[in-house]
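First up is the structure itself, then whatever we jot down about it.
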Amino acid sequence: MPATADKEYTPSTLHDRYQIDLGEAKRLINSFGSNRLELDRLLGSRDRPPQADEENTAAA
């Protein structure tokens, strides 16, 4: 069974993985918790390009 540490980010590991400021990594962990899966989902959707249906609604 994986250790708990493998399922959570520290500010340093979050900073290294997503190339964000250490202060931003601390803020995200304080706001959303340190769960690796949840933060990966949150940050994975962060800088994605708009979907086709989003572009149509933005132009309206």
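Identifiers for the structure tokens are assigned positionally: chains receive A, B, ... in sequence, residues are indexed from 1 per chain, and ligands are indexed from 1 in the order shown.
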
Any idea what's packed within 10 Å of range 18-24 of chain A, counting only C-alpha atoms, ignoring anything in its chain fewer than 5 positions away? Could you give it as a list in words?
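Once the nearby chain positions are removed, what remains is Pro11, Ser12, Thr13, Ile29, Asn30, Asp40, Leu43 and Gly44 of chain A.
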
What lies within 7 Å of range 34-39 of chain A using only C-alpha atoms, ignoring chain neighbours under 5 positions off, as a list in words?
Lys7, Glu8, Tyr9, Thr10 and Ile29 of chain A
